[in-house]
Amino acid sequence: MDKKHFMTRSKLTIVFIFLIVLIDQIIKAIAIDIANEGTVEVIRGILNFTYIKNSGGAFGIGSDTSMFLLINIIVIFLLVRFLVVNKEKVEIKASVALSLILAGGISNLIDRVFRGGVVDFIDISPLVNFPKFNFADICIVGGWILFAFFAAILTSEQLKERRDRLAKSREREEKARSRRKGQKED
């Protein structure tokens with residue numbers, strides 16, 4: 001990848017991450033305004049907006065905000081480092097997946113720092129018993145699913161290439177053996 005192409009791709013990645021964070025923060029501000037007084041039914045029997053401030057981890061597990069803040073910072077740092085160090089190797093698909101994870105993590109980190117906890121409001125409990133979550137959480141989970149999917153595809157492609165190389169190597173060895181055997185008979 002040439003330098004100009006890399007710079008364009010890097011700028012697009014930063015803009016993409018910024019837009020996801022901005023969209024999530026806008027949605028959260030609207031949700032706080034709408035559902036600040038309790039639960040608002042959005043789709044009867046399926047979806048409510050119920051504002052809660054989650055000071056714990058994913059899906060409300062735990063309650064030590066400082067520990068989850070530290071974990072968030074470490075994970076975000078590792079993702080940024082991975083993207084920067086492997087900028088030439090990371091395919092666009094994997095870059096999008098990692099950018100979704102990063103954007104969701106940054107947005108939830110903003111909540112922890114400036115709101116004292118993550119703003120969760122999407123409530124599907126009328127449909128299924130599930131913790132409340134937000135758009136950033138969807139980005140994080142969706143990003144990890146995409147990343148795992150792309151990694152599985154890449155791994156299967158690499159395994160196929162390895163099998164093909166091994167088969168060609170065996171074929172060359174067999175031809176060499178046949179030639180040697182033919183030379184001995186002469």
# chains A, B, ... in the order shown; residues from 1 in each chain; ligands from 1

$ select_by_dssp --residues "chain A" --states "strand (DSSP E or B)" --output "mmCIF file with all heavy atoms, in the first residue's frame"
data_model
loop_
_atom_site.group_PDB
_atom_site.id
_atom_site.type_symbol
_atom_site.label_atom_id
_atom_site.label_comp_id
_atom_site.auth_asym_id
_atom_site.auth_seq_id
_atom_site.Cartn_x
_atom_site.Cartn_y
_atom_site.Cartn_z
ATOM 1 N N THR A 39 -39.560 4.869 31.808
ATOM 2 C CA THR A 39 -39.615 4.048 30.600
ATOM 3 C C THR A 39 -40.562 4.653 29.579
ATOM 4 O O THR A 39 -41.663 5.085 29.915
ATOM 5 C CB THR A 39 -40.081 2.618 30.960
ATOM 6 O OG1 THR A 39 -39.123 2.053 31.848
ATOM 7 C CG2 THR A 39 -40.205 1.745 29.736
ATOM 8 N N VAL A 40 -40.109 4.667 28.324
ATOM 9 C CA VAL A 40 -40.944 5.116 27.211
ATOM 10 C C VAL A 40 -41.117 3.932 26.272
ATOM 11 O O VAL A 40 -40.136 3.340 25.809
ATOM 12 C CB VAL A 40 -40.287 6.302 26.458
ATOM 13 C CG1 VAL A 40 -41.097 6.670 25.230
ATOM 14 C CG2 VAL A 40 -40.092 7.487 27.370
ATOM 15 N N GLU A 41 -42.367 3.583 26.013
ATOM 16 C CA GLU A 41 -42.642 2.464 25.108
ATOM 17 C C GLU A 41 -42.448 2.940 23.664
ATOM 18 O O GLU A 41 -43.079 3.907 23.226
ATOM 19 C CB GLU A 41 -44.070 1.966 25.321
ATOM 20 C CG GLU A 41 -44.368 0.689 24.581
ATOM 21 C CD GLU A 41 -45.745 0.158 24.928
ATOM 22 O OE1 GLU A 41 -46.735 0.814 24.541
ATOM 23 O OE2 GLU A 41 -45.820 -0.901 25.572
ATOM 24 N N VAL A 42 -41.554 2.261 22.933
ATOM 25 C CA VAL A 42 -41.262 2.631 21.556
ATOM 26 C C VAL A 42 -42.049 1.731 20.603
ATOM 27 O O VAL A 42 -42.748 2.206 19.723
ATOM 28 C CB VAL A 42 -39.747 2.553 21.263
ATOM 29 C CG1 VAL A 42 -39.447 2.898 19.821
ATOM 30 C CG2 VAL A 42 -38.971 3.463 22.211
ATOM 31 N N ILE A 43 -41.915 0.428 20.775
ATOM 32 C CA ILE A 43 -42.683 -0.553 20.005
ATOM 33 C C ILE A 43 -43.337 -1.494 21.021
ATOM 34 O O ILE A 43 -42.644 -2.246 21.713
ATOM 35 C CB ILE A 43 -41.790 -1.345 19.019
ATOM 36 C CG1 ILE A 43 -41.079 -0.405 18.051
ATOM 37 C CG2 ILE A 43 -42.622 -2.385 18.266
ATOM 38 C CD1 ILE A 43 -40.045 -1.094 17.168
ATOM 39 N N LEU A 47 -39.937 -3.109 22.308
ATOM 40 C CA LEU A 47 -38.835 -2.186 22.578
ATOM 41 C C LEU A 47 -39.290 -1.003 23.420
ATOM 42 O O LEU A 47 -40.273 -0.341 23.089
ATOM 43 C CB LEU A 47 -38.254 -1.673 21.251
ATOM 44 C CG LEU A 47 -37.177 -0.598 21.316
ATOM 45 C CD1 LEU A 47 -35.895 -1.151 21.930
ATOM 46 C CD2 LEU A 47 -36.890 -0.048 19.928
ATOM 47 N N ASN A 48 -38.536 -0.769 24.488
ATOM 48 C CA ASN A 48 -38.728 0.414 25.328
ATOM 49 C C ASN A 48 -37.417 1.181 25.379
ATOM 50 O O ASN A 48 -36.348 0.617 25.156
ATOM 51 C CB ASN A 48 -39.098 0.026 26.768
ATOM 52 C CG ASN A 48 -40.446 -0.642 26.865
ATOM 53 O OD1 ASN A 48 -41.320 -0.443 26.033
ATOM 54 N ND2 ASN A 48 -40.612 -1.453 27.892
ATOM 55 N N PHE A 49 -37.506 2.465 25.700
ATOM 56 C CA PHE A 49 -36.329 3.245 26.074
ATOM 57 C C PHE A 49 -36.429 3.432 27.582
ATOM 58 O O PHE A 49 -37.387 4.024 28.076
ATOM 59 C CB PHE A 49 -36.295 4.599 25.377
ATOM 60 C CG PHE A 49 -35.807 4.565 23.955
ATOM 61 C CD1 PHE A 49 -35.792 5.722 23.200
ATOM 62 C CD2 PHE A 49 -35.349 3.402 23.362
ATOM 63 C CE1 PHE A 49 -35.338 5.716 21.884
ATOM 64 C CE2 PHE A 49 -34.895 3.376 22.053
ATOM 65 C CZ PHE A 49 -34.895 4.537 21.315
ATOM 66 N N THR A 50 -35.459 2.890 28.294
ATOM 67 C CA THR A 50 -35.403 3.005 29.741
ATOM 68 C C THR A 50 -34.013 3.494 30.100
ATOM 69 O O THR A 50 -33.040 2.755 29.965
ATOM 70 C CB THR A 50 -35.687 1.652 30.425
ATOM 71 O OG1 THR A 50 -36.938 1.136 29.964
ATOM 72 C CG2 THR A 50 -35.706 1.786 31.934
ATOM 73 N N TYR A 51 -33.936 4.726 30.557
ATOM 74 C CA TYR A 51 -32.631 5.335 30.867
ATOM 75 C C TYR A 51 -32.071 4.769 32.164
ATOM 76 O O TYR A 51 -32.733 4.780 33.194
ATOM 77 C CB TYR A 51 -32.770 6.850 30.965
ATOM 78 C CG TYR A 51 -31.563 7.533 31.568
ATOM 79 C CD1 TYR A 51 -30.383 7.636 30.844
ATOM 80 C CD2 TYR A 51 -31.609 8.065 32.848
ATOM 81 C CE1 TYR A 51 -29.269 8.264 31.391
ATOM 82 C CE2 TYR A 51 -30.503 8.696 33.400
ATOM 83 C CZ TYR A 51 -29.333 8.786 32.670
ATOM 84 O OH TYR A 51 -28.244 9.398 33.213
ATOM 85 N N ILE A 52 -30.840 4.251 32.082
ATOM 86 C CA ILE A 52 -30.094 3.882 33.282
ATOM 87 C C ILE A 52 -28.650 4.312 33.083
ATOM 88 O O ILE A 52 -28.170 4.427 31.950
ATOM 89 C CB ILE A 52 -30.139 2.362 33.604
ATOM 90 C CG1 ILE A 52 -29.486 1.538 32.502
ATOM 91 C CG2 ILE A 52 -31.540 1.893 33.887
ATOM 92 C CD1 ILE A 52 -29.147 0.127 32.933
ATOM 93 N N LYS A 53 -27.971 4.562 34.186
ATOM 94 C CA LYS A 53 -26.548 4.872 34.131
ATOM 95 C C LYS A 53 -25.834 3.641 34.662
ATOM 96 O O LYS A 53 -25.968 3.277 35.818
ATOM 97 C CB LYS A 53 -26.215 6.095 34.968
ATOM 98 C CG LYS A 53 -24.817 6.615 34.701
ATOM 99 C CD LYS A 53 -24.470 7.814 35.554
ATOM 100 C CE LYS A 53 -25.357 8.999 35.209
ATOM 101 N NZ LYS A 53 -25.003 10.195 35.981
ATOM 102 N N ASN A 54 -25.081 2.987 33.789
ATOM 103 C CA ASN A 54 -24.395 1.743 34.113
ATOM 104 C C ASN A 54 -22.985 2.060 34.602
ATOM 105 O O ASN A 54 -22.138 2.479 33.831
ATOM 106 C CB ASN A 54 -24.356 0.850 32.864
ATOM 107 C CG ASN A 54 -23.613 -0.449 33.065
ATOM 108 O OD1 ASN A 54 -23.080 -0.720 34.137
ATOM 109 N ND2 ASN A 54 -23.564 -1.239 32.016
ATOM 110 N N VAL A 118 -21.909 4.584 32.012
ATOM 111 C CA VAL A 118 -22.364 4.442 30.626
ATOM 112 C C VAL A 118 -23.877 4.596 30.564
ATOM 113 O O VAL A 118 -24.606 4.003 31.361
ATOM 114 C CB VAL A 118 -21.927 3.077 30.043
ATOM 115 C CG1 VAL A 118 -22.493 2.874 28.647
ATOM 116 C CG2 VAL A 118 -20.411 2.963 30.019
ATOM 117 N N VAL A 119 -24.346 5.384 29.614
ATOM 118 C CA VAL A 119 -25.775 5.579 29.409
ATOM 119 C C VAL A 119 -26.315 4.403 28.599
ATOM 120 O O VAL A 119 -25.947 4.211 27.439
ATOM 121 C CB VAL A 119 -26.060 6.910 28.672
ATOM 122 C CG1 VAL A 119 -27.541 7.017 28.309
ATOM 123 C CG2 VAL A 119 -25.602 8.081 29.507
ATOM 124 N N ASP A 120 -27.158 3.602 29.233
ATOM 125 C CA ASP A 120 -27.841 2.505 28.553
ATOM 126 C C ASP A 120 -29.323 2.844 28.512
ATOM 127 O O ASP A 120 -29.875 3.413 29.458
ATOM 128 C CB ASP A 120 -27.619 1.179 29.297
ATOM 129 C CG ASP A 120 -26.212 0.636 29.133
ATOM 130 O OD1 ASP A 120 -25.576 0.934 28.109
ATOM 131 O OD2 ASP A 120 -25.756 -0.097 30.024
ATOM 132 N N PHE A 121 -29.983 2.498 27.411
ATOM 133 C CA PHE A 121 -31.393 2.872 27.289
ATOM 134 C C PHE A 121 -32.203 1.910 26.426
ATOM 135 O O PHE A 121 -33.427 1.877 26.516
ATOM 136 C CB PHE A 121 -31.523 4.292 26.720
ATOM 137 C CG PHE A 121 -30.931 4.433 25.345
ATOM 138 C CD1 PHE A 121 -31.707 4.255 24.209
ATOM 139 C CD2 PHE A 121 -29.581 4.726 25.184
ATOM 140 C CE1 PHE A 121 -31.158 4.376 22.943
ATOM 141 C CE2 PHE A 121 -29.025 4.847 23.930
ATOM 142 C CZ PHE A 121 -29.808 4.675 22.805
ATOM 143 N N ILE A 122 -31.556 1.136 25.574
ATOM 144 C CA ILE A 122 -32.300 0.221 24.712
ATOM 145 C C ILE A 122 -32.741 -0.960 25.576
ATOM 146 O O ILE A 122 -31.929 -1.674 26.151
ATOM 147 C CB ILE A 122 -31.459 -0.250 23.510
ATOM 148 C CG1 ILE A 122 -31.042 0.956 22.664
ATOM 149 C CG2 ILE A 122 -32.242 -1.270 22.673
ATOM 150 C CD1 ILE A 122 -30.066 0.633 21.543
ATOM 151 N N ASP A 123 -34.040 -1.129 25.659
ATOM 152 C CA ASP A 123 -34.640 -2.098 26.574
ATOM 153 C C ASP A 123 -35.545 -3.035 25.776
ATOM 154 O O ASP A 123 -36.618 -2.635 25.331
ATOM 155 C CB ASP A 123 -35.437 -1.329 27.634
ATOM 156 C CG ASP A 123 -36.116 -2.215 28.648
ATOM 157 O OD1 ASP A 123 -35.907 -3.447 28.618
ATOM 158 O OD2 ASP A 123 -36.868 -1.672 29.478
ATOM 159 N N PHE A 133 -28.932 -1.767 26.959
ATOM 160 C CA PHE A 133 -27.682 -1.509 26.250
ATOM 161 C C PHE A 133 -27.834 -0.252 25.421
ATOM 162 O O PHE A 133 -28.851 0.441 25.505
ATOM 163 C CB PHE A 133 -27.261 -2.719 25.401
ATOM 164 C CG PHE A 133 -28.313 -3.192 24.422
ATOM 165 C CD1 PHE A 133 -28.279 -2.798 23.095
ATOM 166 C CD2 PHE A 133 -29.330 -4.047 24.829
ATOM 167 C CE1 PHE A 133 -29.230 -3.226 22.186
ATOM 168 C CE2 PHE A 133 -30.286 -4.495 23.927
ATOM 169 C CZ PHE A 133 -30.238 -4.082 22.607
#

$ residues_around --residues "range 18-30 of chain A" --least-positions-apart "5" --cutoff "12 Å" --atoms "only C-alpha atoms" --output "short mmCIF file (atom, residue, chain, number, x, y, z; two decimals) with all heavy atoms, in the first residue's frame"
data_model
loop_
_atom_site.label_atom_id
_atom_site.label_comp_id
_atom_site.auth_asym_id
_atom_site.auth_seq_id
_atom_site.Cartn_x
_atom_site.Cartn_y
_atom_site.Cartn_z
N LYS A 11 -7.28 8.50 7.27
CA LYS A 11 -8.20 9.61 7.50
C LYS A 11 -9.65 9.13 7.47
O LYS A 11 -10.46 9.55 8.31
CB LYS A 11 -8.00 10.70 6.44
CG LYS A 11 -6.71 11.48 6.63
CD LYS A 11 -6.50 12.48 5.51
CE LYS A 11 -5.15 13.16 5.64
NZ LYS A 11 -4.84 14.00 4.48
N LEU A 12 -9.98 8.26 6.54
CA LEU A 12 -11.34 7.71 6.47
C LEU A 12 -11.67 6.91 7.74
O LEU A 12 -12.79 6.98 8.25
CB LEU A 12 -11.50 6.83 5.24
CG LEU A 12 -11.59 7.55 3.91
CD1 LEU A 12 -11.60 6.56 2.74
CD2 LEU A 12 -12.83 8.43 3.86
N THR A 13 -10.70 6.16 8.24
CA THR A 13 -10.90 5.38 9.47
C THR A 13 -11.18 6.31 10.64
O THR A 13 -12.11 6.08 11.42
CB THR A 13 -9.67 4.50 9.76
OG1 THR A 13 -9.47 3.61 8.67
CG2 THR A 13 -9.86 3.70 11.04
N ALA A 35 -36.28 9.61 27.96
CA ALA A 35 -36.59 8.59 28.97
C ALA A 35 -36.05 8.94 30.35
O ALA A 35 -35.97 8.07 31.21
CB ALA A 35 -36.02 7.25 28.52
N ASN A 36 -35.74 10.18 30.60
CA ASN A 36 -35.18 10.57 31.89
C ASN A 36 -36.14 10.32 33.04
O ASN A 36 -35.74 10.10 34.16
CB ASN A 36 -34.75 12.04 31.86
CG ASN A 36 -33.80 12.37 32.98
OD1 ASN A 36 -33.17 11.50 33.57
ND2 ASN A 36 -33.70 13.64 33.29
N PHE A 49 -37.51 2.47 25.70
CA PHE A 49 -36.33 3.24 26.07
C PHE A 49 -36.43 3.43 27.58
O PHE A 49 -37.39 4.02 28.08
CB PHE A 49 -36.30 4.60 25.38
CG PHE A 49 -35.81 4.57 23.96
CD1 PHE A 49 -35.79 5.72 23.20
CD2 PHE A 49 -35.35 3.40 23.36
CE1 PHE A 49 -35.34 5.72 21.88
CE2 PHE A 49 -34.89 3.38 22.05
CZ PHE A 49 -34.90 4.54 21.31
N THR A 50 -35.46 2.89 28.29
CA THR A 50 -35.40 3.01 29.74
C THR A 50 -34.01 3.49 30.10
O THR A 50 -33.04 2.76 29.97
CB THR A 50 -35.69 1.65 30.43
OG1 THR A 50 -36.94 1.14 29.96
CG2 THR A 50 -35.71 1.79 31.93
N TYR A 51 -33.94 4.73 30.56
CA TYR A 51 -32.63 5.33 30.87
C TYR A 51 -32.07 4.77 32.16
O TYR A 51 -32.73 4.78 33.19
CB TYR A 51 -32.77 6.85 30.97
CG TYR A 51 -31.56 7.53 31.57
CD1 TYR A 51 -30.38 7.64 30.84
CD2 TYR A 51 -31.61 8.07 32.85
CE1 TYR A 51 -29.27 8.26 31.39
CE2 TYR A 51 -30.50 8.70 33.40
CZ TYR A 51 -29.33 8.79 32.67
OH TYR A 51 -28.24 9.40 33.21
N ILE A 52 -30.84 4.25 32.08
CA ILE A 52 -30.09 3.88 33.28
C ILE A 52 -28.65 4.31 33.08
O ILE A 52 -28.17 4.43 31.95
CB ILE A 52 -30.14 2.36 33.60
CG1 ILE A 52 -29.49 1.54 32.50
CG2 ILE A 52 -31.54 1.89 33.89
CD1 ILE A 52 -29.15 0.13 32.93
N LYS A 53 -27.97 4.56 34.19
CA LYS A 53 -26.55 4.87 34.13
C LYS A 53 -25.83 3.64 34.66
O LYS A 53 -25.97 3.28 35.82
CB LYS A 53 -26.22 6.10 34.97
CG LYS A 53 -24.82 6.61 34.70
CD LYS A 53 -24.47 7.81 35.55
CE LYS A 53 -25.36 9.00 35.21
NZ LYS A 53 -25.00 10.20 35.98
N VAL A 96 -12.56 -2.02 9.44
CA VAL A 96 -13.92 -1.55 9.75
C VAL A 96 -14.41 -2.20 11.04
O VAL A 96 -14.95 -1.53 11.92
CB VAL A 96 -14.89 -1.84 8.58
CG1 VAL A 96 -16.34 -1.63 8.99
CG2 VAL A 96 -14.56 -0.97 7.38
N SER A 99 -12.59 -0.73 13.91
CA SER A 99 -13.01 0.66 14.09
C SER A 99 -14.36 0.72 14.82
O SER A 99 -14.58 1.62 15.63
CB SER A 99 -13.11 1.37 12.74
OG SER A 99 -11.84 1.48 12.16
N LEU A 100 -15.26 -0.21 14.52
CA LEU A 100 -16.54 -0.27 15.24
C LEU A 100 -16.31 -0.53 16.73
O LEU A 100 -16.91 0.12 17.59
CB LEU A 100 -17.44 -1.36 14.65
CG LEU A 100 -18.11 -1.05 13.33
CD1 LEU A 100 -18.75 -2.31 12.75
CD2 LEU A 100 -19.17 0.04 13.51
N ILE A 101 -15.42 -1.48 17.02
CA ILE A 101 -15.10 -1.80 18.41
C ILE A 101 -14.49 -0.58 19.10
O ILE A 101 -14.89 -0.22 20.22
CB ILE A 101 -14.12 -3.00 18.48
CG1 ILE A 101 -14.77 -4.25 17.89
CG2 ILE A 101 -13.66 -3.25 19.91
CD1 ILE A 101 -13.78 -5.37 17.58
N LEU A 102 -13.57 0.04 18.42
CA LEU A 102 -12.88 1.21 18.96
C LEU A 102 -13.84 2.36 19.19
O LEU A 102 -13.84 2.99 20.26
CB LEU A 102 -11.75 1.62 18.01
CG LEU A 102 -10.77 2.66 18.48
CD1 LEU A 102 -10.10 2.24 19.78
CD2 LEU A 102 -9.71 2.88 17.41
N ALA A 103 -14.70 2.64 18.23
CA ALA A 103 -15.66 3.74 18.35
C ALA A 103 -16.62 3.49 19.52
O ALA A 103 -16.89 4.40 20.32
CB ALA A 103 -16.44 3.91 17.05
N GLY A 104 -17.13 2.28 19.63
CA GLY A 104 -18.02 1.95 20.74
C GLY A 104 -17.32 2.09 22.08
O GLY A 104 -17.88 2.63 23.04
N GLY A 105 -16.09 1.62 22.15
CA GLY A 105 -15.31 1.73 23.38
C GLY A 105 -15.03 3.18 23.76
O GLY A 105 -15.14 3.57 24.92
N ILE A 106 -14.67 3.99 22.77
CA ILE A 106 -14.40 5.41 23.02
C ILE A 106 -15.67 6.11 23.51
O ILE A 106 -15.64 6.89 24.47
CB ILE A 106 -13.84 6.10 21.77
CG1 ILE A 106 -12.42 5.62 21.48
CG2 ILE A 106 -13.87 7.63 21.91
CD1 ILE A 106 -11.87 6.05 20.13
N SER A 107 -16.81 5.83 22.86
CA SER A 107 -18.05 6.49 23.25
C SER A 107 -18.47 6.10 24.67
O SER A 107 -18.88 6.95 25.46
CB SER A 107 -19.16 6.16 22.26
OG SER A 107 -20.26 7.00 22.48
N ASN A 108 -18.34 4.82 25.00
CA ASN A 108 -18.68 4.40 26.37
C ASN A 108 -17.68 4.97 27.37
O ASN A 108 -18.04 5.30 28.50
CB ASN A 108 -18.76 2.88 26.47
CG ASN A 108 -20.06 2.32 25.90
OD1 ASN A 108 -21.03 3.05 25.72
ND2 ASN A 108 -20.07 1.04 25.63
N LEU A 109 -16.43 5.12 26.96
CA LEU A 109 -15.42 5.72 27.82
C LEU A 109 -15.75 7.19 28.08
O LEU A 109 -15.61 7.68 29.21
CB LEU A 109 -14.04 5.59 27.19
CG LEU A 109 -12.86 6.13 27.99
CD1 LEU A 109 -12.72 5.41 29.33
CD2 LEU A 109 -11.56 5.99 27.19
N ILE A 110 -16.22 7.89 27.06
CA ILE A 110 -16.65 9.28 27.22
C ILE A 110 -17.75 9.35 28.28
O ILE A 110 -17.74 10.23 29.16
CB ILE A 110 -17.12 9.88 25.87
CG1 ILE A 110 -15.92 10.09 24.95
CG2 ILE A 110 -17.91 11.18 26.08
CD1 ILE A 110 -16.29 10.44 23.52
N ASP A 111 -18.71 8.43 28.21
CA ASP A 111 -19.78 8.39 29.21
C ASP A 111 -19.22 8.20 30.62
O ASP A 111 -19.61 8.88 31.56
CB ASP A 111 -20.75 7.24 28.93
CG ASP A 111 -21.68 7.50 27.77
OD1 ASP A 111 -21.59 8.57 27.16
OD2 ASP A 111 -22.50 6.61 27.47
N PHE A 114 -17.35 11.56 31.64
CA PHE A 114 -18.12 12.78 31.76
C PHE A 114 -19.51 12.62 32.37
O PHE A 114 -20.11 13.60 32.79
CB PHE A 114 -18.25 13.46 30.38
CG PHE A 114 -16.92 13.93 29.85
CD1 PHE A 114 -16.28 13.25 28.83
CD2 PHE A 114 -16.31 15.05 30.39
CE1 PHE A 114 -15.06 13.67 28.35
CE2 PHE A 114 -15.08 15.49 29.91
CZ PHE A 114 -14.45 14.80 28.89
N ARG A 115 -20.03 11.39 32.42
CA ARG A 115 -21.36 11.19 32.99
C ARG A 115 -21.34 10.29 34.23
O ARG A 115 -22.37 10.02 34.82
CB ARG A 115 -22.29 10.57 31.94
CG ARG A 115 -22.61 11.52 30.79
CD ARG A 115 -23.68 10.93 29.89
NE ARG A 115 -24.12 11.88 28.91
CZ ARG A 115 -24.00 11.71 27.59
NH1 ARG A 115 -23.46 10.61 27.11
NH2 ARG A 115 -24.44 12.62 26.76
N VAL A 118 -21.91 4.58 32.01
CA VAL A 118 -22.36 4.44 30.63
C VAL A 118 -23.88 4.60 30.56
O VAL A 118 -24.61 4.00 31.36
CB VAL A 118 -21.93 3.08 30.04
CG1 VAL A 118 -22.49 2.87 28.65
CG2 VAL A 118 -20.41 2.96 30.02
N VAL A 119 -24.35 5.38 29.61
CA VAL A 119 -25.78 5.58 29.41
C VAL A 119 -26.32 4.40 28.60
O VAL A 119 -25.95 4.21 27.44
CB VAL A 119 -26.06 6.91 28.67
CG1 VAL A 119 -27.54 7.02 28.31
CG2 VAL A 119 -25.60 8.08 29.51
N ASP A 120 -27.16 3.60 29.23
CA ASP A 120 -27.84 2.50 28.55
C ASP A 120 -29.32 2.84 28.51
O ASP A 120 -29.87 3.41 29.46
CB ASP A 120 -27.62 1.18 29.30
CG ASP A 120 -26.21 0.64 29.13
OD1 ASP A 120 -25.58 0.93 28.11
OD2 ASP A 120 -25.76 -0.10 30.02
N PHE A 121 -29.98 2.50 27.41
CA PHE A 121 -31.39 2.87 27.29
C PHE A 121 -32.20 1.91 26.43
O PHE A 121 -33.43 1.88 26.52
CB PHE A 121 -31.52 4.29 26.72
CG PHE A 121 -30.93 4.43 25.34
CD1 PHE A 121 -31.71 4.26 24.21
CD2 PHE A 121 -29.58 4.73 25.18
CE1 PHE A 121 -31.16 4.38 22.94
CE2 PHE A 121 -29.02 4.85 23.93
CZ PHE A 121 -29.81 4.67 22.80
N ILE A 122 -31.56 1.14 25.57
CA ILE A 122 -32.30 0.22 24.71
C ILE A 122 -32.74 -0.96 25.58
O ILE A 122 -31.93 -1.67 26.15
CB ILE A 122 -31.46 -0.25 23.51
CG1 ILE A 122 -31.04 0.96 22.66
CG2 ILE A 122 -32.24 -1.27 22.67
CD1 ILE A 122 -30.07 0.63 21.54
N PHE A 133 -28.93 -1.77 26.96
CA PHE A 133 -27.68 -1.51 26.25
C PHE A 133 -27.83 -0.25 25.42
O PHE A 133 -28.85 0.44 25.50
CB PHE A 133 -27.26 -2.72 25.40
CG PHE A 133 -28.31 -3.19 24.42
CD1 PHE A 133 -28.28 -2.80 23.09
CD2 PHE A 133 -29.33 -4.05 24.83
CE1 PHE A 133 -29.23 -3.23 22.19
CE2 PHE A 133 -30.29 -4.50 23.93
CZ PHE A 133 -30.24 -4.08 22.61
N ASN A 134 -26.82 0.07 24.61
CA ASN A 134 -26.86 1.28 23.80
C ASN A 134 -26.26 1.01 22.42
O ASN A 134 -25.81 -0.10 22.13
CB ASN A 134 -26.13 2.43 24.51
CG ASN A 134 -24.68 2.11 24.79
OD1 ASN A 134 -23.96 1.60 23.95
ND2 ASN A 134 -24.24 2.40 26.00
N PHE A 135 -26.26 2.03 21.58
CA PHE A 135 -25.75 1.90 20.22
C PHE A 135 -24.26 1.54 20.21
O PHE A 135 -23.82 0.74 19.39
CB PHE A 135 -25.99 3.21 19.45
CG PHE A 135 -25.49 3.20 18.04
CD1 PHE A 135 -26.09 2.40 17.08
CD2 PHE A 135 -24.42 3.99 17.66
CE1 PHE A 135 -25.62 2.38 15.77
CE2 PHE A 135 -23.95 3.98 16.36
CZ PHE A 135 -24.55 3.17 15.41
N ALA A 136 -23.48 2.10 21.14
CA ALA A 136 -22.05 1.79 21.22
C ALA A 136 -21.85 0.29 21.50
O ALA A 136 -20.96 -0.34 20.93
CB ALA A 136 -21.37 2.62 22.31
N ASP A 137 -22.69 -0.27 22.37
CA ASP A 137 -22.60 -1.70 22.66
C ASP A 137 -22.88 -2.53 21.40
O ASP A 137 -22.23 -3.56 21.16
CB ASP A 137 -23.60 -2.10 23.75
CG ASP A 137 -23.32 -1.42 25.08
OD1 ASP A 137 -22.16 -1.04 25.32
OD2 ASP A 137 -24.27 -1.26 25.87
N ILE A 138 -23.85 -2.09 20.62
CA ILE A 138 -24.15 -2.77 19.36
C ILE A 138 -22.93 -2.73 18.44
O ILE A 138 -22.58 -3.73 17.80
CB ILE A 138 -25.39 -2.14 18.67
CG1 ILE A 138 -26.64 -2.38 19.52
CG2 ILE A 138 -25.58 -2.70 17.26
CD1 ILE A 138 -27.86 -1.58 19.07
N CYS A 139 -22.28 -1.58 18.38
CA CYS A 139 -21.07 -1.43 17.54
C CYS A 139 -19.96 -2.36 18.03
O CYS A 139 -19.28 -3.01 17.23
CB CYS A 139 -20.59 0.01 17.53
SG CYS A 139 -21.69 1.13 16.65
N ILE A 140 -19.77 -2.42 19.35
CA ILE A 140 -18.71 -3.26 19.92
C ILE A 140 -18.98 -4.73 19.62
O ILE A 140 -18.10 -5.44 19.09
CB ILE A 140 -18.58 -3.03 21.44
CG1 ILE A 140 -18.07 -1.61 21.71
CG2 ILE A 140 -17.68 -4.07 22.07
CD1 ILE A 140 -18.18 -1.17 23.17
#

$ atom_distance --atom1 "CA of Glu91 in chain A" --atom2 "CA of Phe16 in chain A"
15.6 Å

$ select_by_dssp --residues "range 47-169 of chain A" --states "alpha helix (DSSP H)" --output "MDAnalysis selection string"
chainID A and resid 65:85 92:115 135:169

$ atom_distance --atom1 "CA of Ile145 in chain A" --atom2 "CA of Ala97 in chain A"
8.1 Å
